[in-house]
Amino acid sequence: MEFGPHLVLALLEGSITAAVLALTAAGLAIVFGILRVVNVAHGEFFMLGAVIAWFVTTTLADVFGASPAVGFACAAIIAPLTTGLIAMLTDKLVLSRINYDPERTIVATIGLLYVLQQLTLMSFGPDARPVEAPFNTRIALPWPELGPNGWALSWPWGFGTTTYKLFVIVAAASVLVSLWLLLKHTRIGLIMRATEQDRDMATAFGVRVNRVYSRVFGLGAALAALGAVLVVPIQQAHYLMGGDPLLLSFIVVIIGGLGSVSGTVLAAVIIGLTDGIVSVFFSATLAKIIATVAVALVLVFRPQGLLGHRAP
Amino acid sequence: MGPDTRALAVHLAVIALLIGCWFVLPQYHTGNLARILVLATFASAYNLVFGYTGLLSLGHALFFAAGMYGLGIVMQHGGVSALPAWVFGVACAATVGLVTGALALRTSGVAFMIVTLMFAQAGYLCVLYFGDWTRGDEGFVIARTARNLIGIDLADERVRYFAGVCLFGSSLLGIGQLVRSGFGKTLIAIRENEERARMLGYDVQRCKLIAVVISAALAGAAGAAYALLFGYVGASFAAVQYSILPLLWTLLGGAGTTLGPLLGTLVMFYLVDYASDITDAYLLVVGVALILATLFLPQGIVGTLRRRVLRWLP
């Protein structure tokens, strides 16, 4: 393949990364924005989503003989729901007891990271396991080429995508739009934004802040889990898969401006596409080194994020 | 006895106890203790920044690894002998501490935690990237013949143990002195109320930076000693886990107490040791301990003891 098709392919792969990353990072961003805590265990909620999706699809296929499409649809509902409930439970057992103290929360969620990861290792095992995509038709893509008879469409070998990959992008985008509508145009969103702006004032107006916190924490985890469900037919479920999404979500949330959801989504698109291109053309480790140093420097010199306005 | 003499007496008693352990404990446990002492030195270095200055760093593996690889690389590729290599390792860690500290200290709170985490992550990835020098994930073994200090074989069990006692003992006495000095009290003032310390005319940024550099150098000394005594240099020591562990040890033992890091390291080491006999998922113990420590023991074992019973503990 030549450079042009290669680049388009890299962009396509990049947009899948971007779509999943946007979902995961949006979860981290709302938790940071509203609870003002950094959830280090966010990547493990992502991992839980993938593992639960594997569990649901295999159980349905083995016991009821359900088709991959039915299994996947059920997984897309059950996995985020279960992960969200687990997150709400940890909120009740741990975070609310240390009163969402920012530093202690980081230490506690590091602990939670190990607990979730190791419990998965004990139950799910150390192997990577695949989940079958609900549909997976290959689409070959044409490429315009200047031949002896003028411009013509050629079909380079290996140049194409699948219906499922396109579905991931569309699904992630629609979830993000729903999230935006929820935040800006519903009563629940209003309460969430009120809590974000002034916790004490919200309490004075009868908002049960602790309940909002617990639900937002659950919602954040559910978004990560949903991102994982979408990506698990392309990747595989593995107990250590939470590390990269955590790091990338951090990067995205920081560059987008801590806590701002729209900035986060924009940053996810930029980082996802860059990641797609860089890892096709350069060494992945070098790309990660540059990305982590860049994030640290952004935080040092532009703490409000590249795009965000100054955080309160 | 004044508090200063009493603290010194307690520290000397602990060192004497550690020396005594060699003659009483079976070999398995002295072998463990040698490791624990080196790691406790690392935890003490972390404690200086976290417990005394109030800076929660999530990137101390960077300094530990800088010492370790600084020593390892010049010994392996440069054929340098043990002592100068160790000094070079410490210098590497101090330099890394100076550069990353100067940058990271421009932020505070959560941002500081993330920046230090990111720097350490970049350091870890660098170890993997420069595989020709570091042998990446696999790491490399320092030959036993190279591991001797003016003719003393550092791989010998007894030498290893007493080298551990020397390293930890001197860091304990050093930090004990430091935190009772004027500079140490300034650090505590910064931890308690940074604004007030600044108002009183202290150059807060400079003090914090000095604390980070001292801590980095000591962490590097521990890292270099670890490589020298146990003969292995590996990427896992640069990974995020080795930034979390000193935090856990310090937190569990008691942040801001001189003996907390040792006690925390001791307790966690044996917990993990027993857990790994039962299951592969021994990190579960680390996770549970972290959560329980934040929930129920925010001042750690020694800190709680000091508050409840023994008010005179250093």
# chains A, B, ... in the order shown; residues from 1 in each chain; ligands from 1

call {"tool": "interface_residues", "arguments": {"of": "chain A", "to": "chain B", "cutoff": "7 Å", "atoms": "only C-alpha atoms", "output": "PyMOL selection string"}}
result
chain A and resi 98+103-104+107-108+111-112+114-115+118+121-122+285-286+289+292-293+296+299-300

call {"tool": "write_last_selection", "arguments": {"atoms": "all heavy atoms", "output": "compact mmCIF listing (two decimals), in the first residue's frame"}}
result
# COMPACT_ATOMS: atom_id res chain seq x y z
N ILE A 98 -14.30 8.98 53.40
CA ILE A 98 -13.16 9.88 53.57
C ILE A 98 -13.54 11.27 53.07
O ILE A 98 -12.68 12.12 52.87
CB ILE A 98 -11.90 9.36 52.85
CG1 ILE A 98 -12.20 9.02 51.39
CG2 ILE A 98 -11.33 8.15 53.55
CD1 ILE A 98 -10.99 8.59 50.63
N GLU A 103 -6.65 14.12 48.09
CA GLU A 103 -5.44 13.30 48.13
C GLU A 103 -5.72 11.90 48.66
O GLU A 103 -5.25 10.91 48.11
CB GLU A 103 -4.38 14.00 48.97
CG GLU A 103 -4.02 15.35 48.35
CD GLU A 103 -2.73 15.91 48.86
OE1 GLU A 103 -2.31 15.48 49.95
OE2 GLU A 103 -2.16 16.76 48.17
N ARG A 104 -6.53 11.82 49.71
CA ARG A 104 -6.83 10.49 50.24
C ARG A 104 -7.62 9.67 49.23
O ARG A 104 -7.49 8.45 49.17
CB ARG A 104 -7.59 10.61 51.56
CG ARG A 104 -6.69 11.03 52.70
CD ARG A 104 -7.49 11.36 53.94
NE ARG A 104 -7.99 10.17 54.60
CZ ARG A 104 -8.90 10.21 55.57
NH1 ARG A 104 -9.40 11.37 55.97
NH2 ARG A 104 -9.30 9.12 56.15
N VAL A 107 -5.23 7.94 46.88
CA VAL A 107 -4.61 6.77 47.51
C VAL A 107 -5.62 5.62 47.58
O VAL A 107 -5.32 4.47 47.23
CB VAL A 107 -4.10 7.13 48.91
CG1 VAL A 107 -3.48 5.90 49.56
CG2 VAL A 107 -3.08 8.24 48.83
N ALA A 108 -6.85 5.95 47.99
CA ALA A 108 -7.86 4.89 48.11
C ALA A 108 -8.20 4.29 46.75
O ALA A 108 -8.38 3.07 46.64
CB ALA A 108 -9.11 5.44 48.77
N GLY A 111 -5.72 1.86 45.68
CA GLY A 111 -6.01 0.59 46.34
C GLY A 111 -7.11 -0.15 45.61
O GLY A 111 -7.02 -1.36 45.35
N LEU A 112 -8.15 0.59 45.24
CA LEU A 112 -9.29 0.00 44.53
C LEU A 112 -8.84 -0.60 43.20
O LEU A 112 -9.30 -1.67 42.79
CB LEU A 112 -10.33 1.09 44.30
CG LEU A 112 -11.65 0.66 43.70
CD1 LEU A 112 -12.34 -0.31 44.62
CD2 LEU A 112 -12.53 1.87 43.45
N TYR A 114 -5.95 -1.95 42.49
CA TYR A 114 -5.35 -3.27 42.72
C TYR A 114 -6.42 -4.29 43.09
O TYR A 114 -6.37 -5.43 42.63
CB TYR A 114 -4.31 -3.19 43.82
CG TYR A 114 -3.01 -2.58 43.37
CD1 TYR A 114 -2.45 -1.50 44.03
CD2 TYR A 114 -2.33 -3.08 42.26
CE1 TYR A 114 -1.25 -0.93 43.62
CE2 TYR A 114 -1.14 -2.53 41.85
CZ TYR A 114 -0.60 -1.45 42.52
OH TYR A 114 0.57 -0.90 42.10
N VAL A 115 -7.38 -3.89 43.91
CA VAL A 115 -8.40 -4.84 44.34
C VAL A 115 -9.20 -5.35 43.14
O VAL A 115 -9.34 -6.56 42.94
CB VAL A 115 -9.33 -4.19 45.39
CG1 VAL A 115 -10.53 -5.09 45.64
CG2 VAL A 115 -8.59 -3.95 46.68
N GLN A 118 -6.92 -7.46 40.74
CA GLN A 118 -6.50 -8.76 41.24
C GLN A 118 -7.69 -9.69 41.42
O GLN A 118 -7.57 -10.89 41.21
CB GLN A 118 -5.74 -8.59 42.55
CG GLN A 118 -4.49 -7.75 42.41
CD GLN A 118 -3.43 -8.43 41.55
OE1 GLN A 118 -3.15 -9.59 41.71
NE2 GLN A 118 -2.88 -7.69 40.59
N LEU A 121 -8.21 -11.08 38.15
CA LEU A 121 -7.21 -12.10 37.88
C LEU A 121 -7.60 -13.42 38.53
O LEU A 121 -7.48 -14.50 37.94
CB LEU A 121 -5.84 -11.63 38.39
CG LEU A 121 -4.71 -12.65 38.39
CD1 LEU A 121 -4.40 -13.09 36.97
CD2 LEU A 121 -3.46 -12.08 39.03
N MET A 122 -8.13 -13.35 39.76
CA MET A 122 -8.48 -14.57 40.47
C MET A 122 -9.69 -15.26 39.87
O MET A 122 -9.79 -16.49 39.90
CB MET A 122 -8.75 -14.26 41.95
CG MET A 122 -7.49 -13.91 42.72
SD MET A 122 -7.86 -13.17 44.30
CE MET A 122 -8.02 -14.59 45.34
N THR A 285 6.30 3.16 21.86
CA THR A 285 6.88 3.56 23.14
C THR A 285 7.33 5.02 23.09
O THR A 285 7.07 5.80 24.00
CB THR A 285 8.09 2.66 23.48
OG1 THR A 285 7.70 1.32 23.27
CG2 THR A 285 8.51 2.85 24.90
N LEU A 286 7.99 5.38 21.97
CA LEU A 286 8.45 6.76 21.83
C LEU A 286 7.26 7.71 21.87
O LEU A 286 7.29 8.76 22.53
CB LEU A 286 9.22 6.91 20.51
CG LEU A 286 9.85 8.28 20.31
CD1 LEU A 286 10.88 8.55 21.37
CD2 LEU A 286 10.49 8.37 18.92
N ILE A 289 6.18 8.16 25.39
CA ILE A 289 7.11 9.00 26.15
C ILE A 289 6.79 10.47 25.89
O ILE A 289 6.64 11.28 26.80
CB ILE A 289 8.58 8.71 25.78
CG1 ILE A 289 8.94 7.29 26.16
CG2 ILE A 289 9.52 9.70 26.46
CD1 ILE A 289 10.34 6.88 25.75
N THR A 292 3.43 11.50 27.51
CA THR A 292 3.41 11.68 28.96
C THR A 292 4.17 12.94 29.37
O THR A 292 3.70 13.71 30.21
CB THR A 292 4.03 10.47 29.70
OG1 THR A 292 5.20 10.07 29.01
CG2 THR A 292 3.08 9.32 29.78
N VAL A 293 5.32 13.17 28.74
CA VAL A 293 6.07 14.38 29.08
C VAL A 293 5.25 15.61 28.70
O VAL A 293 5.18 16.59 29.46
CB VAL A 293 7.44 14.38 28.38
CG1 VAL A 293 8.14 15.70 28.58
CG2 VAL A 293 8.30 13.26 28.92
N ALA A 296 2.64 16.30 31.31
CA ALA A 296 3.23 16.87 32.51
C ALA A 296 3.52 18.35 32.28
O ALA A 296 3.21 19.20 33.12
CB ALA A 296 4.50 16.12 32.89
N LEU A 299 0.42 20.49 32.28
CA LEU A 299 -0.05 20.75 33.65
C LEU A 299 0.81 21.78 34.35
O LEU A 299 0.33 22.58 35.15
CB LEU A 299 -0.04 19.46 34.46
CG LEU A 299 -1.35 18.75 34.57
CD1 LEU A 299 -1.20 17.51 35.41
CD2 LEU A 299 -2.40 19.66 35.20
N VAL A 300 2.12 21.76 34.05
CA VAL A 300 3.02 22.70 34.71
C VAL A 300 2.80 24.12 34.18
O VAL A 300 2.69 25.07 34.95
CB VAL A 300 4.49 22.27 34.51
CG1 VAL A 300 5.44 23.36 34.97
CG2 VAL A 300 4.77 20.99 35.29

call {"tool": "select_by_dssp", "arguments": {"residues": "stretch 4-203 of chain A", "states": "alpha helix (DSSP H)", "output": "ChimeraX atom specification"}}
result
/A:4-35,42-59,68-90,102-124,163-185,187-197,199-203

call {"tool": "atom_distance", "arguments": {"atom1": "atom CA of B:Gln76", "atom2": "atom CA of B:Phe140"}}
result
8.8 Å

call {"tool": "closest_residue", "arguments": {"among": "B:Thr134, B:Glu194, B:Leu37, B:Tyr52", "to": "B:Arg180", "atoms": "only C-alpha atoms"}}
result
B:Tyr52

call {"tool": "closest_residue", "arguments": {"among": "B:Gly260, B:Gln205, B:Glu157, B:Ile142", "to": "B:Leu305", "atoms": "only C-alpha atoms"}}
result
B:Gly260

call {"tool": "residues_around", "arguments": {"residues": "A:Ile86", "least_positions_apart": "2", "cutoff": "10 Å", "atoms": "only C-alpha atoms", "output": "ChimeraX atom specification"}}
result
/A:45,48,80-84,88-92,217-218,221-222
